[in-house]
$ cat coords-v8.tsv   # TSV, C-alpha atoms and all ligand atoms
chain	number	residue	atom	x	y	z
A	276	MET	CA	71.53	115.92	109.45
A	277	GLU	CA	73.31	118.72	111.32
A	278	TYR	CA	77.04	119.24	110.97
A	279	TYR	CA	79.74	121.83	111.19
A	280	LEU	CA	83.43	122.10	110.30
A	281	ARG	CA	85.90	121.53	113.12
A	282	CYS	CA	89.66	122.03	113.26
A	283	ILE	CA	91.48	118.80	114.08
A	284	GLU	CA	94.23	120.77	115.85
A	285	CYS	CA	92.55	123.45	117.99
A	286	GLY	CA	88.93	122.26	117.92
A	287	LYS	CA	87.57	125.60	116.61
A	288	LYS	CA	84.11	125.21	115.05
A	289	TYR	CA	82.92	126.86	111.86
A	290	GLU	CA	79.35	127.17	110.59
A	291	ARG	CA	80.52	128.56	107.24
A	292	GLU	CA	81.43	125.96	104.63
A	293	ASP	CA	83.53	127.85	102.09
A	294	ILE	CA	86.86	127.35	103.88
A	295	TYR	CA	89.48	124.62	103.68
A	296	THR	CA	91.69	125.12	106.72
A	297	CYS	CA	91.39	126.70	110.18
A	298	GLU	CA	92.75	130.12	111.10
A	299	CYS	CA	95.46	128.23	113.00
A	300	GLY	CA	96.45	126.43	109.79
A	301	GLY	CA	95.01	123.09	110.98
A	302	LEU	CA	93.00	120.75	108.77
A	303	LEU	CA	89.22	120.83	109.03
A	304	GLU	CA	86.86	117.89	109.22
A	305	VAL	CA	83.10	117.62	108.97
A	306	ALA	CA	81.74	116.92	112.45
A	307	ILE	CA	78.31	115.33	112.41
A	308	ASN	CA	75.79	115.90	115.19
A	309	PHE	CA	74.87	112.23	115.60
A	310	ASP	CA	71.67	113.04	117.53
A	311	SER	CA	70.35	114.69	114.36
A	312	VAL	CA	71.02	111.66	112.12
A	313	GLU	CA	68.23	109.36	111.07
A	314	ILE	CA	69.75	106.22	109.58
A	315	ASP	CA	67.56	105.30	106.60
A	316	PHE	CA	69.73	102.58	105.04
A	317	ARG	CA	70.21	98.93	105.94
A	318	LEU	CA	73.61	97.26	106.05
A	319	ASP	CA	72.25	94.41	103.95
A	320	SER	CA	74.82	94.41	101.10
A	321	ASN	CA	72.20	95.59	98.61
A	322	ASN	CA	72.39	98.53	96.22
A	323	LEU	CA	75.79	99.76	97.34
A	324	SER	CA	76.59	103.29	96.16
A	325	VAL	CA	77.90	106.55	97.59
A	326	TRP	CA	74.40	108.01	97.86
A	327	LYS	CA	72.92	105.01	99.67
A	328	TYR	CA	74.48	106.68	102.73
A	329	ARG	CA	73.14	110.14	101.97
A	330	CYS	CA	71.85	110.55	105.53
A	331	LEU	CA	75.52	110.65	106.63
A	332	LEU	CA	76.70	113.04	103.89
A	333	PRO	CA	76.77	116.83	104.47
A	334	ILE	CA	74.82	117.77	101.36
A	335	LYS	CA	71.51	119.64	101.11
A	336	THR	CA	70.84	119.74	97.35
A	337	GLU	CA	70.32	117.18	94.61
A	338	PRO	CA	73.62	115.33	94.07
A	339	VAL	CA	75.72	115.70	90.93
A	340	SER	CA	76.09	111.98	90.38
A	341	LEU	CA	77.49	109.64	87.73
A	342	LYS	CA	76.49	106.57	89.77
A	343	GLU	CA	79.71	106.18	91.69
A	344	GLY	CA	80.55	103.59	94.33
A	345	GLY	CA	79.13	100.09	94.54
A	346	THR	CA	82.55	98.79	93.52
A	347	PRO	CA	83.26	95.04	93.46
A	348	LEU	CA	84.86	93.17	96.33
A	349	TYR	CA	86.82	90.20	94.99
A	350	HIS	CA	88.33	87.08	96.45
A	351	THR	CA	91.76	86.44	94.94
A	352	ARG	CA	94.47	83.80	94.81
A	353	LEU	CA	96.36	85.89	97.33
A	354	GLU	CA	94.27	84.13	99.95
A	355	GLU	CA	96.01	80.82	99.23
A	356	GLU	CA	99.43	82.46	98.94
A	357	LEU	CA	99.16	84.36	102.21
A	358	GLU	CA	96.77	82.07	104.11
A	359	CYS	CA	94.51	84.93	105.12
A	360	GLY	CA	90.99	86.09	104.39
A	361	ILE	CA	91.83	88.66	101.74
A	362	TYR	CA	89.44	90.75	99.68
A	363	VAL	CA	90.29	93.26	96.99
A	364	LYS	CA	87.91	96.21	96.66
A	365	HIS	CA	88.42	97.51	93.15
A	366	GLU	CA	87.85	101.24	93.07
A	367	GLY	CA	88.95	101.26	89.44
A	368	ALA	CA	85.35	100.29	88.67
A	369	ASN	CA	84.12	103.83	89.41
A	370	PRO	CA	82.91	106.02	86.50
A	371	SER	CA	86.26	107.74	85.87
A	372	GLY	CA	88.23	104.68	86.93
A	373	SER	CA	89.33	105.67	90.44
A	374	PHE	CA	88.09	106.18	94.00
A	375	LYS	CA	88.28	109.94	93.49
A	376	ASP	CA	84.74	109.87	92.05
A	377	ARG	CA	83.34	109.23	95.53
A	378	GLY	CA	84.91	112.47	96.69
A	379	MET	CA	84.06	114.43	93.57
A	380	THR	CA	80.36	113.63	93.54
A	381	VAL	CA	80.15	115.23	96.99
A	382	GLY	CA	82.72	117.96	96.34
A	383	VAL	CA	81.20	119.14	93.06
A	384	THR	CA	77.72	119.05	94.59
A	385	LYS	CA	79.08	121.27	97.38
A	386	ALA	CA	80.51	123.64	94.76
A	387	ILE	CA	77.02	123.99	93.28
A	388	GLU	CA	75.50	124.50	96.74
A	389	LEU	CA	77.99	127.28	97.42
A	390	GLY	CA	77.17	128.95	94.09
A	391	LYS	CA	80.67	128.44	92.66
A	392	LYS	CA	81.19	128.76	88.92
A	393	ALA	CA	84.58	127.03	88.67
A	394	VAL	CA	86.48	124.25	90.40
A	395	ALA	CA	90.23	123.64	90.55
A	396	CYS	CA	92.78	121.09	91.69
A	397	ALA	CA	96.39	120.05	91.54
A	398	SER	CA	96.72	116.43	90.63
A	399	THR	CA	98.92	113.42	90.07
A	400	GLY	CA	96.23	112.59	87.50
A	401	ASN	CA	93.20	110.84	88.92
A	402	THR	CA	91.84	113.83	90.82
A	403	SER	CA	91.95	115.87	87.62
A	404	ALA	CA	90.23	113.16	85.56
A	405	SER	CA	87.47	112.80	88.10
A	406	MET	CA	87.02	116.51	88.74
A	407	ALA	CA	86.85	117.26	85.01
A	408	MET	CA	84.15	114.60	84.59
A	409	TYR	CA	81.96	115.83	87.44
A	410	ALA	CA	82.50	119.49	86.53
A	411	ALA	CA	81.35	118.63	83.00
A	412	LYS	CA	78.26	116.94	84.38
A	413	ALA	CA	77.52	119.97	86.57
A	414	GLY	CA	78.32	122.59	83.91
A	415	LEU	CA	81.19	124.12	85.89
A	416	LYS	CA	84.54	125.30	84.57
A	417	ALA	CA	87.48	123.15	85.63
A	418	TYR	CA	91.13	124.16	86.08
A	419	VAL	CA	93.86	121.59	86.60
A	420	LEU	CA	97.54	121.95	87.53
A	421	LEU	CA	99.70	118.89	86.81
A	422	PRO	CA	103.41	118.15	87.27
A	423	ALA	CA	104.39	118.33	83.58
A	424	GLY	CA	105.52	115.02	82.08
A	425	LYS	CA	104.80	113.08	85.28
A	426	VAL	CA	101.14	112.18	84.87
A	427	ALA	CA	99.95	108.92	83.31
A	428	LEU	CA	98.53	109.42	79.83
A	429	GLY	CA	95.06	107.97	80.44
A	430	LYS	CA	94.41	110.49	83.18
A	431	VAL	CA	95.55	113.50	81.13
A	432	ALA	CA	93.35	112.26	78.29
A	433	GLN	CA	90.31	112.20	80.57
A	434	ALA	CA	90.91	115.69	81.97
A	435	LEU	CA	91.36	117.09	78.45
A	436	MET	CA	88.39	115.37	76.85
A	437	HIS	CA	86.01	116.28	79.68
A	438	GLY	CA	86.90	119.89	79.01
A	439	ALA	CA	89.20	120.99	81.83
A	440	ARG	CA	91.81	123.68	81.27
A	441	VAL	CA	94.89	121.54	81.87
A	442	ILE	CA	98.13	123.30	82.79
A	443	GLY	CA	101.41	121.42	83.23
A	444	ILE	CA	103.85	123.10	85.59
A	445	ARG	CA	107.57	122.50	85.61
A	446	GLY	CA	107.61	121.25	89.16
A	447	ASN	CA	106.25	118.42	91.30
A	448	PHE	CA	102.79	117.76	92.74
A	449	ASP	CA	103.54	119.46	96.05
A	450	GLU	CA	104.46	122.66	94.22
A	451	ALA	CA	101.34	122.39	92.04
A	452	LEU	CA	99.17	122.08	95.15
A	453	ALA	CA	100.72	125.13	96.80
A	454	LEU	CA	100.09	127.12	93.58
A	455	VAL	CA	96.51	125.98	93.04
A	456	ARG	CA	95.63	126.85	96.64
A	457	GLN	CA	96.83	130.40	95.98
A	458	ILE	CA	95.17	130.74	92.58
A	459	SER	CA	91.86	129.37	93.85
A	460	GLU	CA	91.87	131.95	96.62
A	461	GLU	CA	92.63	134.80	94.21
A	462	GLU	CA	90.22	133.71	91.45
A	463	GLY	CA	87.35	132.35	93.59
A	464	PHE	CA	87.68	128.77	92.28
A	465	TYR	CA	86.35	126.01	94.52
A	466	LEU	CA	89.37	123.92	95.51
A	467	LEU	CA	88.76	120.19	95.18
A	468	ASN	CA	91.96	118.66	96.47
A	469	SER	CA	91.65	116.41	99.49
A	470	VAL	CA	92.39	119.33	101.81
A	471	ASN	CA	88.71	120.07	101.10
A	472	PRO	CA	86.86	118.33	103.97
A	473	PHE	CA	83.70	117.74	101.91
A	474	ARG	CA	85.58	115.67	99.35
A	475	LEU	CA	86.73	113.28	102.03
A	476	GLU	CA	83.11	112.84	103.12
A	477	GLY	CA	82.39	111.11	99.83
A	478	GLN	CA	85.45	108.90	100.15
A	479	LYS	CA	84.46	107.68	103.64
A	480	THR	CA	81.73	105.65	101.91
A	481	ILE	CA	84.42	103.07	101.05
A	482	ALA	CA	84.26	102.12	104.74
A	483	TYR	CA	80.47	102.06	104.70
A	484	GLU	CA	80.39	99.76	101.68
A	485	ILE	CA	82.91	97.34	103.20
A	486	VAL	CA	80.85	97.05	106.39
A	487	ASP	CA	77.67	96.78	104.34
A	488	GLU	CA	79.06	93.84	102.37
A	489	ILE	CA	81.21	91.84	104.82
A	490	GLY	CA	81.04	93.52	108.22
A	491	VAL	CA	84.17	94.91	109.89
A	492	PRO	CA	87.46	93.44	108.61
A	493	ASP	CA	90.53	93.30	110.85
A	494	ARG	CA	92.57	95.47	108.53
A	495	VAL	CA	92.28	97.77	105.52
A	496	VAL	CA	95.40	98.17	103.35
A	497	LEU	CA	95.70	100.99	100.82
A	498	PRO	CA	98.21	103.14	98.95
A	499	VAL	CA	98.93	106.55	100.46
A	500	GLY	CA	99.88	109.68	98.53
A	501	ASN	CA	98.36	112.93	99.74
A	502	ALA	CA	96.88	110.82	102.56
A	503	GLY	CA	93.26	111.87	102.10
A	504	ASN	CA	91.81	108.47	101.40
A	505	ILE	CA	93.20	106.68	104.45
A	506	SER	CA	91.92	109.56	106.61
A	507	ALA	CA	88.49	109.43	104.96
A	508	ILE	CA	88.08	105.66	105.26
A	509	TYR	CA	89.09	105.75	108.91
A	510	LYS	CA	86.53	108.50	109.53
A	511	GLY	CA	83.87	106.32	107.93
A	512	PHE	CA	84.57	103.44	110.29
A	513	ARG	CA	84.81	105.78	113.29
A	514	GLU	CA	81.41	107.24	112.51
A	515	LEU	CA	79.74	103.84	112.20
A	516	LYS	CA	81.20	102.97	115.60
A	517	GLU	CA	80.01	106.23	117.16
A	518	LEU	CA	76.55	105.50	115.75
A	519	GLY	CA	76.63	102.08	117.39
A	520	LEU	CA	76.41	100.26	114.04
A	521	ILE	CA	79.76	98.46	114.49
A	522	ASP	CA	81.89	97.80	117.54
A	523	SER	CA	85.44	97.73	116.22
A	524	ILE	CA	87.60	99.62	113.73
A	525	PRO	CA	90.02	97.94	111.29
A	526	LYS	CA	93.73	98.58	111.56
A	527	MET	CA	94.38	101.25	108.93
A	528	THR	CA	97.49	100.27	107.02
A	529	GLY	CA	99.13	102.68	104.58
A	530	VAL	CA	101.50	101.68	101.80
A	531	GLN	CA	103.98	104.09	100.22
A	532	ALA	CA	106.60	103.80	97.52
A	533	GLU	CA	110.21	103.83	98.74
A	534	GLY	CA	110.89	107.03	96.80
A	535	ALA	CA	107.88	108.90	98.26
A	536	ASN	CA	107.62	107.66	101.83
A	537	PRO	CA	107.11	110.46	104.39
A	538	ILE	CA	104.20	108.76	106.17
A	539	TYR	CA	106.09	105.48	106.40
A	540	ARG	CA	109.09	107.25	107.92
A	541	ALA	CA	106.95	109.12	110.46
A	542	VAL	CA	105.20	105.92	111.56
A	543	LYS	CA	108.50	104.07	111.83
A	544	CYS	CA	109.67	106.66	114.38
A	545	GLY	CA	106.26	107.04	116.05
A	546	LYS	CA	106.09	110.73	115.06
A	547	GLU	CA	102.92	112.85	114.85
A	548	ALA	CA	104.17	114.87	111.86
A	549	ILE	CA	106.12	114.14	108.70
A	550	ASP	CA	109.43	115.36	107.35
A	551	PRO	CA	108.82	116.19	103.69
A	552	VAL	CA	110.54	114.21	100.92
A	553	MET	CA	111.82	116.91	98.61
A	554	ASN	CA	112.23	115.00	95.32
A	555	PRO	CA	109.68	112.18	95.39
A	556	GLU	CA	110.08	109.54	92.67
A	557	THR	CA	108.30	106.29	91.88
A	558	VAL	CA	106.80	104.33	88.99
A	559	ALA	CA	103.49	104.75	90.85
A	560	THR	CA	103.05	108.36	89.74
A	561	ALA	CA	99.67	108.65	91.50
A	562	ILE	CA	101.44	108.51	94.86
A	563	ARG	CA	104.53	110.47	93.88
A	564	ILE	CA	103.97	112.97	96.69
A	565	GLY	CA	106.57	114.20	99.20
A	566	GLN	CA	104.49	116.45	101.48
A	567	PRO	CA	101.08	114.86	101.99
A	568	VAL	CA	98.66	117.60	102.94
A	569	ASN	CA	96.54	115.25	105.09
A	570	ALA	CA	99.51	113.78	106.96
A	571	ARG	CA	98.19	114.78	110.40
A	572	LYS	CA	94.81	113.16	109.79
A	573	ALA	CA	96.41	110.05	108.30
A	574	LEU	CA	98.88	109.58	111.16
A	575	ARG	CA	96.02	109.81	113.65
A	576	ALA	CA	94.04	107.27	111.66
A	577	ILE	CA	96.99	104.88	111.72
A	578	TYR	CA	97.84	105.32	115.41
A	579	GLU	CA	94.25	105.38	116.73
A	580	SER	CA	93.33	102.24	114.80
A	581	ASN	CA	96.51	100.43	115.83
A	582	GLY	CA	97.50	100.21	112.17
A	583	THR	CA	100.85	100.71	110.52
A	584	ALA	CA	102.65	101.89	107.38
A	585	VAL	CA	105.01	100.09	105.05
A	586	GLN	CA	107.15	101.02	102.05
A	587	VAL	CA	107.56	98.98	98.88
A	588	SER	CA	109.95	99.15	95.94
A	589	ASP	CA	108.88	99.89	92.36
A	590	ASP	CA	109.72	96.29	91.44
A	591	GLU	CA	107.45	94.96	94.18
A	592	ILE	CA	104.68	97.27	92.94
A	593	ILE	CA	104.96	96.08	89.33
A	594	GLN	CA	105.07	92.43	90.40
A	595	ALA	CA	101.84	92.91	92.38
A	596	GLN	CA	100.26	94.71	89.41
A	597	LYS	CA	101.07	91.72	87.19
A	598	ASP	CA	99.80	89.22	89.76
A	599	LEU	CA	96.46	91.02	90.11
A	600	ALA	CA	96.14	91.38	86.34
A	601	ARG	CA	96.74	87.68	85.84
A	602	GLU	CA	93.63	86.89	87.75
A	603	GLY	CA	91.48	89.45	86.03
A	604	ILE	CA	91.91	92.55	88.18
A	605	GLY	CA	93.44	95.37	86.14
A	606	VAL	CA	94.92	98.11	88.32
A	607	GLU	CA	97.38	100.94	87.90
A	608	PRO	CA	100.77	100.78	89.67
A	609	ALA	CA	99.83	102.87	92.73
A	610	SER	CA	96.88	100.58	93.40
A	611	ALA	CA	99.06	97.50	93.28
A	612	ALA	CA	101.12	99.01	96.09
A	613	SER	CA	98.40	97.86	98.50
A	614	VAL	CA	98.98	94.21	97.61
A	615	ALA	CA	102.77	94.64	97.55
A	616	GLY	CA	102.57	96.18	101.03
A	617	LEU	CA	100.36	93.42	102.35
A	618	ARG	CA	102.82	90.79	101.11
A	619	LYS	CA	105.68	92.59	102.80
A	620	LEU	CA	103.89	92.93	106.13
A	621	MET	CA	102.97	89.24	106.04
A	622	ALA	CA	106.59	88.29	105.30
A	623	GLU	CA	107.76	90.48	108.17
A	624	GLY	CA	105.25	88.83	110.50
A	625	VAL	CA	103.51	92.15	111.25
A	626	ILE	CA	100.20	90.74	110.02
A	627	GLU	CA	98.88	87.57	111.56
A	628	ARG	CA	97.58	84.80	109.36
A	629	ASP	CA	94.05	84.66	110.69
A	630	GLU	CA	93.18	88.30	109.89
A	631	VAL	CA	90.41	89.33	107.50
A	632	ILE	CA	91.93	91.99	105.25
A	633	VAL	CA	90.58	94.33	102.58
A	634	CYS	CA	93.07	95.72	100.06
A	635	ILE	CA	91.86	98.81	98.23
A	636	THR	CA	92.94	98.96	94.60
A	637	THR	CA	92.43	102.63	93.91
A	638	GLY	CA	92.62	103.03	90.13
A	639	HIS	CA	92.13	101.17	86.84
A	640	LEU	CA	94.82	99.57	84.67
A	641	LEU	CA	93.90	101.74	81.66
A	642	LYS	CA	94.95	104.86	83.51
A	643	ASP	CA	98.62	104.21	82.82
A	644	PRO	CA	99.12	102.40	79.49
A	645	GLU	CA	102.76	103.49	79.28
A	646	ALA	CA	103.61	101.71	82.54
A	647	VAL	CA	102.04	98.57	81.08
A	648	ILE	CA	104.18	98.69	77.95
A	649	ARG	CA	107.29	99.20	80.09
A	650	ALA	CA	106.33	96.21	82.24
A	651	CYS	CA	105.12	93.82	79.52
A	652	GLY	CA	106.80	95.06	76.34
A	653	LYS	CA	105.01	95.84	73.06
A	654	PRO	CA	102.92	93.25	71.18
A	655	VAL	CA	104.93	91.20	68.69
A	656	GLU	CA	104.34	92.25	65.08
A	657	VAL	CA	104.38	89.75	62.20
A	658	ASP	CA	103.35	89.51	58.55
A	659	ALA	CA	99.64	88.93	57.90
A	660	SER	CA	99.99	85.18	57.26
A	661	LEU	CA	99.07	82.04	59.18
A	662	GLU	CA	102.65	80.76	59.06
A	663	ALA	CA	104.04	83.93	60.56
A	664	ILE	CA	101.42	83.89	63.32
A	665	LYS	CA	102.02	80.21	64.12
A	666	GLU	CA	105.72	80.90	64.53
A	667	VAL	CA	105.10	83.30	67.40
A	668	LEU	CA	102.26	81.49	69.21
B	1	LIG	C1	95.39	105.47	92.02
B	1	LIG	C2	95.67	106.23	93.27
B	1	LIG	N1	95.97	105.55	94.37
B	1	LIG	C3	96.23	106.19	95.52
B	1	LIG	C4	96.24	107.56	95.62
B	1	LIG	C5	96.56	108.20	96.91
B	1	LIG	O1	95.42	108.70	97.56
B	1	LIG	P1	95.57	109.84	98.64
B	1	LIG	O2	96.20	111.01	97.94
B	1	LIG	O3	94.21	110.10	99.11
B	1	LIG	O4	96.49	109.27	99.69
B	1	LIG	C6	95.94	108.32	94.49
B	1	LIG	C7	95.96	109.79	94.54
B	1	LIG	O5	96.04	110.45	93.55
B	1	LIG	C8	95.63	107.63	93.30
B	1	LIG	O6	95.32	108.30	92.18
B	2	ZN	ZN	92.59	125.39	114.40
$ encode --input "coords-v8.tsv" --output "structure tokens"
Amino acid sequence: MEYYLRCIECGKKYEREDIYTCECGGLLEVAINFDSVEIDFRLDSNNLSVWKYRCLLPIKTEPVSLKEGGTPLYHTRLEEELECGIYVKHEGANPSGSFKDRGMTVGVTKAIELGKKAVACASTGNTSASMAMYAAKAGLKAYVLLPAGKVALGKVAQALMHGARVIGIRGNFDEALALVRQISEEEGFYLLNSVNPFRLEGQKTIAYEIVDEIGVPDRVVLPVGNAGNISAIYKGFRELKELGLIDSIPKMTGVQAEGANPIYRAVKCGKEAIDPVMNPETVATAIRIGQPVNARKALRAIYESNGTAVQVSDDEIIQAQKDLAREGIGVEPASAASVAGLRKLMAEGVIERDEVIVCITTGHLLKDPEAVIRACGKPVEVDASLEAIKEVL
């Protein structure tokens, strides 16, 4: 498969792969020469995984893989509540417990291809957990910058145990990202935030798997933070359409928290660029981001697919988290935003009742145990006797 990097702003093409943005400052994307692609998979809902679609991934060497992708697509009781065909694709079932693994298997493989010895990222948590895991598998050093005190404990635990050098900065995610971009440049680290176009290539396989399993839905709803995933999934659908494998693209629908809502605000005014939110705040720490680096890609994905964006409150997020959990789907708060957003759009009449919708739940419940205790309280504690237990049943 032949490909090159192309600037989404000025169209400039690059053969070299060790860059993240264009000379003009624009974001890059991997442009595939479709004439050079030989499709060697069948959309038969069998053996779903990131690497099933290798012929559409820009990788030349043996993948660094922990068997990512192939995540379950569930029916839920939301279908009765909202009278729609609703599926939940649970990305928390990936090896590190979030969708980031799809990007990291490709991104870390690219790091090896480019001869890099170390990888780095800024993170609201899941990126660092995933990167640390894949770097460990590949034998690379891993450096992580986190907003100190603002990352869910499960994610920090993963990054630490998988051997990353974890540095908390007294600042927010957006500041951490600006710093890690500079440090990576100075130290020669391979940057694995979603500004890296190869990482998004892995994440586009969410679209491939959805089509593989159920065909093209009318809409995909997902939480938006740095806005890489919505851009990646849209690219996946767009590519299948350009290859003639599907003939429509779902409406890409982004959900943000009220306290971290720059994409929502841009879409509300029909703008092509965001105004940053300077002090983002939400219980959904994974999407506590005020200046999404992929905003331009994400806004195009939303407008070109006739999608939309919606904001939800922290209370709505936690309610959706509880509702999913009570039918066996354990997700972290940011992931529940997708369901909260879907409910809101249905209530507002933006979504019609006969649509087929896929909600992406991006990360696992265990990622954020502290949020669970805040939402549910601690377990009751009693004396070790039958009487005491019976009293609290
Ligand atoms: C659980 C979870 N959901 C959603 C997102 C947002 O994804 P993106 O930054 O690609 O918009 C993140 C990002 O960290 C995440 O960890
Ligand atoms: Zn450019």
$ atom_distance --input "coords-v8.tsv" --atom1 "atom O2 of ligand LIG 1 (chain B)" --atom2 "atom CA of Arg329 of chain A"
23.4 Å
$ residues_near_ligand --input "coords-v8.tsv" --ligand "ligand LIG 1 (chain B)" --cutoff "7 Å" --atoms "all atoms listed in the file" --output "list in words"
Ser373, Ser398, Thr399, Gly400, Asn401, Thr402, Ser469, Pro498, Val499, Gly500, Asn501, Ala502, Gly503, Asn504, Ile505, Ala561, Ile562, Glu607, Ala609, Ser610, Thr637 and Gly638 of chain A
$ residues_near_ligand --input "coords-v8.tsv" --ligand "ligand ZN 2 (chain B)" --cutoff "8 Å" --atoms "only C-alpha atoms and all ligand atoms" --output "ChimeraX atom specification"
/A:281-287,296-303
$ closest_residue --input "coords-v8.tsv" --among "A:Ala434, A:Ala368, A:Leu341, A:Val585" --to "Ile635 of chain A" --atoms "only C-alpha atoms"
A:Ala368
$ closest_residue --input "coords-v8.tsv" --among "A:Lys543, A:Lys385, A:His365, A:Arg601" --to "Ser613 of chain A" --atoms "all atoms listed in the file"
A:His365
$ residues_around --input "coords-v8.tsv" --residues "Asn321 of chain A" --least-positions-apart "6" --cutoff "10 Å" --atoms "all atoms listed in the file" --output "count of residues only"
5
$ residues_around --input "coords-v8.tsv" --residues "Pro472 of chain A" --least-positions-apart "6" --cutoff "8 Å" --atoms "all atoms listed in the file" --output "compact mmCIF listing (two decimals) with C-alpha atoms, in the coordinates of the input"
# COMPACT_ATOMS: atom_id res chain seq x y z
CA TYR A 295 89.48 124.62 103.68
CA LEU A 303 89.22 120.83 109.03
CA GLU A 304 86.86 117.89 109.22
CA VAL A 305 83.10 117.62 108.97
$ closest_residue --input "coords-v8.tsv" --among "A:Gly429, A:Gly367, A:Leu280, A:Glu476" --to "Gly605 of chain A" --atoms "only C-alpha atoms"
A:Gly367
$ atom_distance --input "coords-v8.tsv" --atom1 "atom CA of Ile593 of chain A" --atom2 "atom CA of Arg649 of chain A"
10.0 Å
$ residues_around --input "coords-v8.tsv" --residues "Tyr409 of chain A" --least-positions-apart "5" --cutoff "9 Å" --atoms "all atoms listed in the file" --output "list in words"
Val339, Ser340, Leu341, Asp376, Met379, Thr380, Val383, Thr384, Ala404, Gly414, Leu415 and His437 of chain A
$ closest_residue --input "coords-v8.tsv" --among "A:Ala386, A:Leu661, A:Leu518, A:Leu323" --to "Pro338 of chain A" --atoms "only C-alpha atoms"
A:Ala386
$ closest_residue --input "coords-v8.tsv" --among "A:Arg352, A:His639, A:Lys335, A:Lys665" --to "Ala427 of chain A" --atoms "all atoms listed in the file"
A:His639
$ residues_around --input "coords-v8.tsv" --residues "Gly582 of chain A" --least-positions-apart "4" --cutoff "7 Å" --atoms "all atoms listed in the file" --output "list in words"
Lys526, Met527, Thr528, Ile577 and Tyr578 of chain A
$ residues_around --input "coords-v8.tsv" --residues "Leu452 of chain A" --least-positions-apart "6" --cutoff "8 Å" --atoms "only C-alpha atoms" --output "PyMOL selection string"
chain A and resi 396-398+420
$ write_last_selection --input "coords-v8.tsv" --atoms "C-alpha atoms" --output "tab-separated table (two decimals), keeping the file's coordinate frame"
chain	number	residue	atom	x	y	z
A	396	CYS	CA	92.78	121.09	91.69
A	397	ALA	CA	96.39	120.05	91.54
A	398	SER	CA	96.72	116.43	90.63
A	420	LEU	CA	97.54	121.95	87.53
$ closest_residue --input "coords-v8.tsv" --among "A:Val496, A:Ile307, A:Ala395, A:Leu435" --to "Lys416 of chain A" --atoms "only C-alpha atoms"
A:Ala395
$ atom_distance --input "coords-v8.tsv" --atom1 "atom CA of Phe316 of chain A" --atom2 "atom CA of Glu366 of chain A"
21.8 Å
$ residues_near_point --input "coords-v8.tsv" --point "(91.3, 86.9, 98.9)" --cutoff "6 Å" --atoms "all atoms listed in the file" --output "list in words"
His350, Thr351, Leu353, Glu354, Gly360, Ile361 and Tyr362 of chain A
$ build_atoms --input "coords-v8.tsv" --residues "segment 544-555 of chain A" --atoms "N, CA and C atoms" --output "PDB file, keeping the file's coordinate frame"
ATOM      1  N   CYS A 544     109.100 105.997 113.192  1.00  0.00           N
ATOM      2  CA  CYS A 544     109.670 106.660 114.380  1.00  0.00           C
ATOM      3  C   CYS A 544     108.591 107.052 115.373  1.00  0.00           C
ATOM      4  N   GLY A 545     107.345 106.681 115.127  1.00  0.00           N
ATOM      5  CA  GLY A 545     106.260 107.040 116.050  1.00  0.00           C
ATOM      6  C   GLY A 545     105.990 108.533 116.128  1.00  0.00           C
ATOM      7  N   LYS A 546     106.268 109.263 115.035  1.00  0.00           N
ATOM      8  CA  LYS A 546     106.090 110.730 115.060  1.00  0.00           C
ATOM      9  C   LYS A 546     104.682 111.146 114.648  1.00  0.00           C
ATOM     10  N   GLU A 547     104.271 112.329 115.128  1.00  0.00           N
ATOM     11  CA  GLU A 547     102.920 112.850 114.850  1.00  0.00           C
ATOM     12  C   GLU A 547     102.900 113.707 113.593  1.00  0.00           C
ATOM     13  N   ALA A 548     104.091 114.031 113.065  1.00  0.00           N
ATOM     14  CA  ALA A 548     104.170 114.870 111.860  1.00  0.00           C
ATOM     15  C   ALA A 548     105.251 114.320 110.947  1.00  0.00           C
ATOM     16  N   ILE A 549     105.159 114.679 109.677  1.00  0.00           N
ATOM     17  CA  ILE A 549     106.120 114.140 108.700  1.00  0.00           C
ATOM     18  C   ILE A 549     107.293 115.090 108.468  1.00  0.00           C
ATOM     19  N   ASP A 550     108.385 114.551 107.977  1.00  0.00           N
ATOM     20  CA  ASP A 550     109.430 115.360 107.350  1.00  0.00           C
ATOM     21  C   ASP A 550     109.237 115.189 105.856  1.00  0.00           C
ATOM     22  N   PRO A 551     109.077 116.303 105.122  1.00  0.00           N
ATOM     23  CA  PRO A 551     108.820 116.190 103.690  1.00  0.00           C
ATOM     24  C   PRO A 551     109.943 115.466 102.939  1.00  0.00           C
ATOM     25  N   VAL A 552     109.562 114.765 101.874  1.00  0.00           N
ATOM     26  CA  VAL A 552     110.540 114.210 100.920  1.00  0.00           C
ATOM     27  C   VAL A 552     110.609 115.203  99.775  1.00  0.00           C
ATOM     28  N   MET A 553     111.759 115.771  99.533  1.00  0.00           N
ATOM     29  CA  MET A 553     111.820 116.910  98.610  1.00  0.00           C
ATOM     30  C   MET A 553     111.748 116.529  97.127  1.00  0.00           C
ATOM     31  N   ASN A 554     112.296 115.399  96.738  1.00  0.00           N
ATOM     32  CA  ASN A 554     112.230 115.000  95.320  1.00  0.00           C
ATOM     33  C   ASN A 554     111.615 113.616  95.179  1.00  0.00           C
ATOM     34  N   PRO A 555     110.302 113.501  95.423  1.00  0.00           N
ATOM     35  CA  PRO A 555     109.680 112.180  95.390  1.00  0.00           C
ATOM     36  C   PRO A 555     109.787 111.556  93.999  1.00  0.00           C
TER      37      PRO A 555
END
